[in-house]
Amino acid sequence: MTFKELALSEEILRGVEEKGYETPSDIQQQAIPILLENHDLLAQSQTGTGKTAAFGLPIMSVLKGGSRQPQALVLAPTRELCMQVANEMRSFGKYKKGLRVVSVYGGDPISNQIRDLKGGVDVIVATPGRLMDHLNRRTIKLDDCSHVVLDEADEMLNMGFVDDINEIFQNLPEERQMVFFSATMPKEIIKLSNEYLVNPKKIALSNNNLTVSRIEQVFYNVEPNAKVNLVVQLLQLHKTDGTMIFCNTKRMVDELTTELNKAGYPALGLHGDMKQEMRTMVMNRFKKGMVSVLIATDVAARGIDVDSMDVVINYDIPQELEYYIHRIGRTGRAGKSGLAITLVSRRQRHSIRQIERLSNSVIKELPLPTKEQLNGLLVDQMAKDIRKWADAKQSKLYSIAYEGLQEQGFTQEEIITAFINKSIDDNNLEAIKSSGSKTTQNMAAISRISISMGSKHGVSAAHLVSAVASATGIDGRAIGRIAVSENSSTVEIPREHLTSIVDQLSGIKIKGKSITVEVVDEFAVSEPRRNRNFSGNRKDNAKSGNRYEGNRRDRKPRRDGKPATRRHS
């Protein structure tokens with residue numbers, strides 16, 4: 001199928017052809033006809049599948065330019081995604097006369113946006129907080145808004161925008177088309193769609209249709225204290241123009257950014273604690289190629305406007321495995337091939353199998369770079385330096401230095417030897433010992449179980465230790481590492497008691513709720529433990545600070561009541 005077969009307007013097809021698009025992606029093939037027929041739509045689609053064009057092309061195709069107030073509204077969770085979507089839609093409608101797209105978001109003077117709005121607007125692309133500001137000022141009216149898109153709906157709710165979204169929807173006319181795009185379908189999204197969508201068509205891309213089919217996926221088995229060294233080696237091995245590294249926490253982003261810069265690899269970090277001005281500066285420098293490595297948390301990376309990465313590195317396995325698809329979707333776009341690398345410790349190998357099932361793909365284990373490979377990198381770097389510094393333009397300075405060294409009694413061979421040794425000292429990389437090479441005789445013989453309660457149930461590691469110890473009678477000090485995620489938790493227990501512990505735990509109650517228990521890894525290997533950490537994993541979320549939109553003044557109370565039942569015209 002081609003875009004010409006999708007019944008788009010001639011002006012829009014011209015813009016599509018100019019961008020070099022030829023064949024629509026799966027989500028575009030399914031969504032565009034539905035939207036052109038004016039149905040509501042609930043679509044599950046991952047990052048990198050082309051969803052902006054999936055809703056943007058049909059909307060731009062049916063709109064007429066020259067409106068004073070918006071005919072279409074696209075809500076996006078972050079400033080970066082808002083700008084990206086607006087730019088895409090402008091390019092789609094480039095040849096449609098009088099069609100104006102205006103983006104409004106926090107962190108930018110509202111006076112500038114008001115000035116843009118006074119010139120007329122057909123499509124508003126907005127973050128919820130800043131749109132609320134405009135609605136309260138009455139600088140935007142949604143009375144004529146007949147097309148509404150909620151983009152990254154799951155992320156919008158994760159960031160705490162549900163009240164804003166409900167209030168915005170109260171300002172819409174009864175007759176409108178509504179579209180929800182979401183990477184995942186938690187119950188909150190289903191509830192919201194049931195409330196606002198009318199007889200929606202539904203699309204759920206199967207895992208086979210995701211962009212992972214074009215991405216080579218590999219993992220390295222490496223202990224946490226060797227991760228930084230391995231990242232440096234991978235950057236040397238792959239020599240990419242664009243690498244994106246994902247970490248689970250803001251602290252790790254900062255630490256890894258510092259370590260890579262110290263190692264001679266200019267890198268920039270991106271996370272939710274950074275002010276908007278700094279985030280914009282980071283993205284501008286990265287897009288201009290001033291640095292080739294961007295390190296980010298999942299939330300901060302959603303919607304950033306960058307071309308396809310050569311390599312994506314998962315420094316940490318994502319705390320929510322669905323985010324793995326979002327991460328690796330940064331590479332392998334627009335028909336290009338890509339490489340996704342994940343760093344895994346021995347304790348996390350079971351997570352790789354879960355990810356394989358989720359993405360319906362195979363993630364191949366690679367051996368750690370050998371000393372021979374690293375020596376080859378060293379020779380390549382030295383050859384590159386020789387070609388660079390043997391430039392004839394340096395001949396005058398070279399003569400002065402060389403003659404001075406000879407006067408001090410150094411032979412040509414000694415000079416060459418010294419500079420080669422210095423280059424070796426500056427660039428030499430030590431091979432990392434495989435985590436599998438350690439003997440397990442001194443390690444505790446443990447198994448790992450999964451318990452069906454997590455942080456959303458109010459459970460902490462301390463609750464789990466108490467429950468396991470009380471139900472089974474084993475000493476709490478014999479319980480190993482505990483990882484509390486949102487919906488479940490994993491606990492390391494003595495292998496010799498595995499069967500009895502599973503039997504005794506099944507059906508007991510923690511905080512009044514019955515639990516289920518299953519074996520995750522019978523022959524797990526745990527590292528020696530110094531102090532138990534009951535803090536659990538903390539998500540890097542966007543609820544801290546300004547929610548990526550800058551500070552907002554108080555807004556009027558939300559009106560009560562659900563939207564009126566409506567029909568499409």
# chains A, B, ... in the order shown; residues from 1 in each chain; ligands from 1
$ select_by_dssp --residues "region 188-269 of chain A" --states "strand (DSSP E or B)" --output "VMD selection string"
chain A and resid 201 to 204 215 to 221 243 to 246 267 to 269
$ write_last_selection --atoms "C-alpha atoms" --output "JSON list (two decimals), in the first residue's frame"
[["chain", "number", "residue", "atom", "x", "y", "z"],
["A", 201, "LYS", "CA", -12.64, 1.71, 16.61],
["A", 202, "LYS", "CA", -9.72, -0.05, 18.29],
["A", 203, "ILE", "CA", -6.21, -0.80, 17.06],
["A", 204, "ALA", "CA", -3.62, -2.81, 18.97],
["A", 215, "ILE", "CA", 16.68, -3.80, 15.35],
["A", 216, "GLU", "CA", 19.50, -6.14, 16.30],
["A", 217, "GLN", "CA", 19.11, -6.81, 20.03],
["A", 218, "VAL", "CA", 22.00, -8.06, 22.14],
["A", 219, "PHE", "CA", 22.96, -8.16, 25.80],
["A", 220, "TYR", "CA", 26.18, -8.39, 27.79],
["A", 221, "ASN", "CA", 26.47, -10.16, 31.12],
["A", 243, "THR", "CA", 24.21, 6.94, 20.88],
["A", 244, "MET", "CA", 21.44, 7.13, 23.45],
["A", 245, "ILE", "CA", 21.95, 5.55, 26.88],
["A", 246, "PHE", "CA", 19.02, 4.92, 29.22],
["A", 267, "ALA", "CA", 28.17, 13.22, 26.88],
["A", 268, "LEU", "CA", 25.10, 15.14, 28.02],
["A", 269, "GLY", "CA", 22.44, 14.06, 30.50]]
$ residues_around --residues "Leu36 (chain A)" --least-positions-apart "5" --cutoff "12 Å" --atoms "only C-alpha atoms" --output "list in words"
Leu6, Ala7, Leu8, Ser9, Gln28, Gln29, Gln30, Ala31, Leu41, Ala54, Phe55, Gly56, Leu57, Pro58, Ile59, Met60, Ser61, Val62, Leu63, His147 and Gln177 of chain A
$ select_by_dssp --residues "region 180-338 of chain A" --states "alpha helix (DSSP H)" --output "PyMOL selection string"
chain A and resi 187-196+227-238+250-262+276-287+298-301+323-328
$ residues_around --residues "Leu237 (chain A)" --least-positions-apart "6" --cutoff "9 Å" --atoms "only C-alpha atoms" --output "JSON list (two decimals) with N, CA, C and O atoms, in the first residue's frame"
[["chain", "number", "residue", "atom", "x", "y", "z"],
["A", 369, "PRO", "N", 33.99, -7.78, 25.31],
["A", 369, "PRO", "CA", 35.12, -7.53, 24.42],
["A", 369, "PRO", "C", 36.41, -8.16, 24.95],
["A", 369, "PRO", "O", 36.74, -8.03, 26.13],
["A", 373, "GLN", "N", 40.49, -7.73, 20.90],
["A", 373, "GLN", "CA", 39.66, -6.69, 20.28],
["A", 373, "GLN", "C", 40.07, -5.30, 20.76],
["A", 373, "GLN", "O", 40.16, -4.35, 19.97],
["A", 374, "LEU", "N", 40.32, -5.19, 22.06],
["A", 374, "LEU", "CA", 40.69, -3.89, 22.62],
["A", 374, "LEU", "C", 42.06, -3.44, 22.12],
["A", 374, "LEU", "O", 42.29, -2.25, 21.89],
["A", 377, "LEU", "N", 41.53, -1.94, 18.83],
["A", 377, "LEU", "CA", 41.03, -0.57, 18.96],
["A", 377, "LEU", "C", 42.17, 0.40, 19.25],
["A", 377, "LEU", "O", 42.20, 1.53, 18.73]]
$ residues_around --residues "region 69-83 of chain A" --least-positions-apart "4" --cutoff "7 Å" --atoms "only C-alpha atoms" --output "count of residues only"
31
$ atom_distance --atom1 "CA of Arg279 (chain A)" --atom2 "CA of Val291 (chain A)"
14.3 Å
$ residues_around --residues "Leu157 (chain A)" --least-positions-apart "4" --cutoff "12 Å" --atoms "only C-alpha atoms" --output "list in words"
Leu75, Ala76, Pro77, Pro128, Leu150, Asp151, Glu152, Ala153, Phe161, Val162, Asp163, Asp164, Ile165, Asn166, Ser182, Thr184, Met185, Pro186, Lys187, Glu188, Ile189, Ile190, Lys191, Leu192, Asn541, Ala542, Lys543 and Arg547 of chain A
$ write_last_selection --atoms "N, CA, C and O atoms" --output "compact mmCIF listing (two decimals), in the first residue's frame"
# COMPACT_ATOMS: atom_id res chain seq x y z
N LEU A 75 -3.10 17.03 22.37
CA LEU A 75 -2.51 17.15 23.71
C LEU A 75 -1.32 16.21 23.82
O LEU A 75 -1.42 15.02 23.50
N ALA A 76 -0.19 16.74 24.28
CA ALA A 76 1.04 15.97 24.44
C ALA A 76 1.59 16.19 25.84
O ALA A 76 1.41 17.27 26.41
N PRO A 77 2.27 15.20 26.43
CA PRO A 77 2.68 15.32 27.83
C PRO A 77 3.86 16.25 28.09
O PRO A 77 3.98 16.81 29.17
N PRO A 128 -0.98 20.01 28.66
CA PRO A 128 -2.23 20.30 29.39
C PRO A 128 -2.16 21.52 30.30
O PRO A 128 -3.09 22.33 30.32
N LEU A 150 -5.39 12.74 22.02
CA LEU A 150 -4.63 12.59 23.27
C LEU A 150 -3.44 11.69 22.96
O LEU A 150 -3.59 10.47 22.80
N ASP A 151 -2.26 12.29 22.82
CA ASP A 151 -1.06 11.53 22.44
C ASP A 151 -0.30 11.11 23.69
O ASP A 151 -0.25 11.86 24.67
N GLU A 152 0.33 9.92 23.64
CA GLU A 152 1.04 9.37 24.80
C GLU A 152 0.11 9.39 26.02
O GLU A 152 0.46 9.89 27.10
N ALA A 153 -1.09 8.84 25.86
CA ALA A 153 -2.11 8.94 26.91
C ALA A 153 -1.65 8.32 28.23
O ALA A 153 -1.89 8.88 29.30
N PHE A 161 -1.71 14.34 34.91
CA PHE A 161 -2.49 15.33 34.17
C PHE A 161 -3.97 14.99 34.08
O PHE A 161 -4.71 15.65 33.34
N VAL A 162 -4.44 13.96 34.77
CA VAL A 162 -5.80 13.49 34.56
C VAL A 162 -6.83 14.57 34.87
O VAL A 162 -7.83 14.74 34.14
N ASP A 163 -6.64 15.37 35.93
CA ASP A 163 -7.60 16.42 36.27
C ASP A 163 -7.62 17.50 35.19
O ASP A 163 -8.69 18.00 34.82
N ASP A 164 -6.42 17.88 34.71
CA ASP A 164 -6.36 18.87 33.64
C ASP A 164 -7.08 18.37 32.38
O ASP A 164 -7.82 19.11 31.73
N ILE A 165 -6.86 17.10 32.04
CA ILE A 165 -7.48 16.52 30.84
C ILE A 165 -8.99 16.54 30.97
O ILE A 165 -9.72 16.94 30.04
N ASN A 166 -9.49 16.14 32.12
CA ASN A 166 -10.94 16.14 32.32
C ASN A 166 -11.51 17.56 32.19
O ASN A 166 -12.56 17.76 31.57
N SER A 182 -1.87 5.43 22.85
CA SER A 182 -1.18 5.06 24.08
C SER A 182 -0.29 3.86 23.83
O SER A 182 -0.66 2.96 23.07
N THR A 184 0.73 1.75 26.18
CA THR A 184 0.20 0.66 27.00
C THR A 184 -1.27 0.95 27.27
O THR A 184 -1.75 2.06 27.06
N MET A 185 -1.98 -0.04 27.74
CA MET A 185 -3.42 0.13 28.00
C MET A 185 -3.77 -0.23 29.45
O MET A 185 -4.46 -1.22 29.71
N PRO A 186 -3.29 0.56 30.41
CA PRO A 186 -3.68 0.31 31.80
C PRO A 186 -5.17 0.62 31.99
O PRO A 186 -5.82 1.24 31.14
N LYS A 187 -5.70 0.21 33.12
CA LYS A 187 -7.14 0.36 33.34
C LYS A 187 -7.57 1.82 33.38
O LYS A 187 -8.73 2.14 33.04
N GLU A 188 -6.65 2.72 33.74
CA GLU A 188 -7.00 4.14 33.78
C GLU A 188 -7.30 4.67 32.38
O GLU A 188 -8.19 5.51 32.20
N ILE A 189 -6.54 4.19 31.38
CA ILE A 189 -6.79 4.61 30.00
C ILE A 189 -8.12 4.05 29.51
O ILE A 189 -8.90 4.74 28.84
N ILE A 190 -8.39 2.80 29.83
CA ILE A 190 -9.66 2.19 29.44
C ILE A 190 -10.83 2.96 30.05
O ILE A 190 -11.84 3.24 29.38
N LYS A 191 -10.69 3.34 31.32
CA LYS A 191 -11.75 4.10 31.99
C LYS A 191 -11.96 5.44 31.31
O LYS A 191 -13.11 5.86 31.07
N LEU A 192 -10.87 6.13 30.98
CA LEU A 192 -10.96 7.44 30.33
C LEU A 192 -11.60 7.31 28.94
O LEU A 192 -12.43 8.13 28.54
N ASN A 541 10.05 10.19 37.84
CA ASN A 541 8.77 10.60 37.28
C ASN A 541 8.72 12.10 37.12
O ASN A 541 9.59 12.83 37.56
N ALA A 542 7.70 12.51 36.46
CA ALA A 542 7.61 13.91 36.08
C ALA A 542 6.79 14.72 37.06
O ALA A 542 6.46 15.86 36.80
N LYS A 543 6.49 14.14 38.23
CA LYS A 543 5.67 14.89 39.17
C LYS A 543 6.49 15.85 40.02
O LYS A 543 5.94 16.67 40.74
N ARG A 547 6.74 19.67 36.27
CA ARG A 547 6.06 18.75 35.35
C ARG A 547 6.40 19.09 33.91
O ARG A 547 5.59 18.94 33.01
$ atom_distance --atom1 "CA of Glu167 (chain A)" --atom2 "CA of Ala53 (chain A)"
26.9 Å
$ closest_residue --among "A:Ile515, A:Val16, A:Ala401, A:Leu42" --to "Phe180 (chain A)" --atoms "only C-alpha atoms"
A:Leu42
$ closest_residue --among "A:Leu117, A:Ile420, A:Leu294, A:Val101" --to "Gln381 (chain A)" --atoms "only C-alpha atoms"
A:Ile420
